[in-house]
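**Q** Here it is: the structure, laid out below.
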Amino acid sequence: MTALATDPATTPSATQPPRHLRRRRTLALVPTLALGIGALYCLLPVFWVLAAATKSRSELFSTFTLAPSTSLWQNIADLSAYEHGAFWRWTANTALYAGVGGLASAFVSGLSGYTLAKFRFPGRAAIFNTLLAGVLVPGIILALPQYLLLAKLGLANTYLSVLLPSILSPYGVYLARVYAAASISDTLIEAARTDGASEWTILTRIALPIMRPGLVTVFLFQFVAIWNNFLLPFIMLTDDNKFPLTVGLYTMLNRGNTLPSLYTLTITGALLSILPLIALFLTLQRYWRLDLISGAVKN
C-alpha cells in the first residue's frame, strides 16, 4: 500500500488554531486597545507633571516635552523655602483633615451600615432611601449651606469647619451597609448574644473586624475625597495657616501671574501632593487581597 500524498498548502497545520478562534482573539484585542488608550489619556498629564517638576523656570516656558531635566531638587528646596515652609504646613493640614476625617467617616459609616443591615426598627427603609438620595447630591451644592450653618455656630475659619462636613459620607454608609449584610451572618450575632455579649462588644469585637476590608475602602475613598477637596475649605477658611494643599497651591497659582517663578513651584507641589495618595494605595491594597483570599476559601 502506498500513502496518499498531501499538499502542505491545503492541509491545516496541527498547531494553527481554527479561523473562528483567530477571529475571536483579534476581536478580544479591541477592548484591550481601548483600555490602553484610556490609560494613556489619564496618565499623560501625570507624566507631564513629573517631567515639568524637574525643569527650571526657563526650561518650563521654553520647551514642552516629556523629557526630564535636573532641577527637581532645587525646585523642592525653593518650594520648602516659600513663605517659611508654607507648603509643608499645608501638607500637615491636609493630612489632618484627610486622616481624621477619613477615620471618623469610616467608623460612622461602619456603625451606621451595621445598624441598618442587622437591626429592624421603624423608619429603617426611609433612612436608607434618604442616604441613597444623598449619594446623588453633588457636594458642591451642600458647600454653601454648610458654610452658613457653621458660621451661625461660630465655627467658620476653624479646623472643625472642614472636618465636621467630612465625617458623614452617604456613599460610605451605603457601602458599609451592603458589606455588613453580605459578610456578617445573623447566626454569628445570635451566638454572641447567647453567650452574653453586649451589642457594643458584638460591634467592636465581631462586626467591625469582619468589616475591615470594607471600612478600609470607605476610609480610602473618603481620604482621597478630602485630600482633593477644594471648594469646601476654600469657602470655609480665610487664614492661610489653615489652608489645605488644594487651596494653598491655588493661591500660589494666582500669584504666578505676577511672579512666573511660582508656576514651577506649583507644579512641584502638585507632584509632591500625589505621592502620599500613591503610598496609601500601595499600603492598604493588602486588605483587599486578604479579603479576596479569605472569600475564596469560604464554604
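Following the order of the C-alpha cells, first chain is A, next is B, and so on, with residues numbered from 1 inside each chain and ligands from 1 in the order they appear.
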Give me the residues near region 84-95 of chain A as a ChimeraX atom specification, where near means some atom within 6 Å (using only C-alpha atoms) and where sequence neighbours in that chain fewer than 4 positions away do not count.
**A** /A:80,99,243-245
**Q** From the set A:Leu271, A:Pro31, A:Met252, A:Gly101, which residue has the shortest atom-to-atom contact distance to Tyr159 (chain A), counting only C-alpha atoms?
**A**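 Using only C-alpha atoms, Tyr159 (chain A) sits closest to A:Gly101.
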**Q** Which is closest to Arg205 (chain A) among A:Leu188, A:Leu220, A:Val178, A:Leu164, if we use only C-alpha atoms?
**A**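 Looking only at the distances to Arg205 (chain A), the closest residue turns out to be A:Leu188.
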**Q** Hey, what does DSSP flag as helix (DSSP H, G or I) within region 103-147 of chain A? Can you give it to me as a PDB file with C-alpha atoms, in the first residue's frame?
**A**
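This is the output file result.pdb:
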```
ATOM      1  CA  LEU A 103     -11.060  57.597  60.148  1.00  0.00           C
ATOM      2  CA  ALA A 104     -14.140  59.261  61.631  1.00  0.00           C
ATOM      3  CA  SER A 105     -16.096  58.687  58.431  1.00  0.00           C
ATOM      4  CA  ALA A 106     -15.088  55.006  58.311  1.00  0.00           C
ATOM      5  CA  PHE A 107     -16.183  54.488  61.928  1.00  0.00           C
ATOM      6  CA  VAL A 108     -19.506  56.317  61.491  1.00  0.00           C
ATOM      7  CA  SER A 109     -20.133  54.504  58.201  1.00  0.00           C
ATOM      8  CA  GLY A 110     -19.349  51.134  59.776  1.00  0.00           C
ATOM      9  CA  LEU A 111     -21.603  51.789  62.758  1.00  0.00           C
ATOM     10  CA  SER A 112     -24.441  53.089  60.586  1.00  0.00           C
ATOM     11  CA  GLY A 113     -24.078  50.382  57.950  1.00  0.00           C
ATOM     12  CA  TYR A 114     -24.040  47.609  60.557  1.00  0.00           C
ATOM     13  CA  THR A 115     -27.113  49.059  62.263  1.00  0.00           C
ATOM     14  CA  LEU A 116     -29.061  49.372  59.010  1.00  0.00           C
ATOM     15  CA  ALA A 117     -28.087  45.851  57.943  1.00  0.00           C
ATOM     16  CA  LYS A 118     -28.652  43.902  61.160  1.00  0.00           C
ATOM     17  CA  ARG A 124     -35.111  51.955  58.596  1.00  0.00           C
ATOM     18  CA  ALA A 125     -36.127  51.830  54.934  1.00  0.00           C
ATOM     19  CA  ALA A 126     -36.806  55.577  54.876  1.00  0.00           C
ATOM     20  CA  ILE A 127     -33.385  56.326  56.369  1.00  0.00           C
ATOM     21  CA  PHE A 128     -31.649  54.071  53.869  1.00  0.00           C
ATOM     22  CA  ASN A 129     -33.539  55.580  50.934  1.00  0.00           C
ATOM     23  CA  THR A 130     -32.617  59.059  52.155  1.00  0.00           C
ATOM     24  CA  LEU A 131     -28.969  58.016  52.213  1.00  0.00           C
ATOM     25  CA  LEU A 132     -29.263  56.702  48.667  1.00  0.00           C
ATOM     26  CA  ALA A 133     -30.677  60.056  47.632  1.00  0.00           C
ATOM     27  CA  GLY A 134     -27.766  61.758  49.388  1.00  0.00           C
ATOM     28  CA  VAL A 135     -25.326  59.785  47.226  1.00  0.00           C
ATOM     29  CA  GLY A 139     -21.067  68.006  47.305  1.00  0.00           C
ATOM     30  CA  ILE A 140     -20.784  71.400  45.626  1.00  0.00           C
ATOM     31  CA  ILE A 141     -24.483  72.004  46.278  1.00  0.00           C
ATOM     32  CA  LEU A 142     -24.053  71.483  50.019  1.00  0.00           C
ATOM     33  CA  ALA A 143     -20.955  73.659  50.440  1.00  0.00           C
ATOM     34  CA  LEU A 144     -22.773  76.986  50.819  1.00  0.00           C
ATOM     35  CA  PRO A 145     -25.486  75.704  53.231  1.00  0.00           C
ATOM     36  CA  GLN A 146     -22.778  74.062  55.318  1.00  0.00           C
ATOM     37  CA  TYR A 147     -20.868  77.339  55.482  1.00  0.00           C
TER      38      TYR A 147
END
```
**Q** Could you check the closest approach to Pro213 (chain A) for each of A:Leu284, A:Leu231, A:Met236, A:Leu40 and tell me which residue wins, using only C-alpha atoms?
**A** A:Leu284
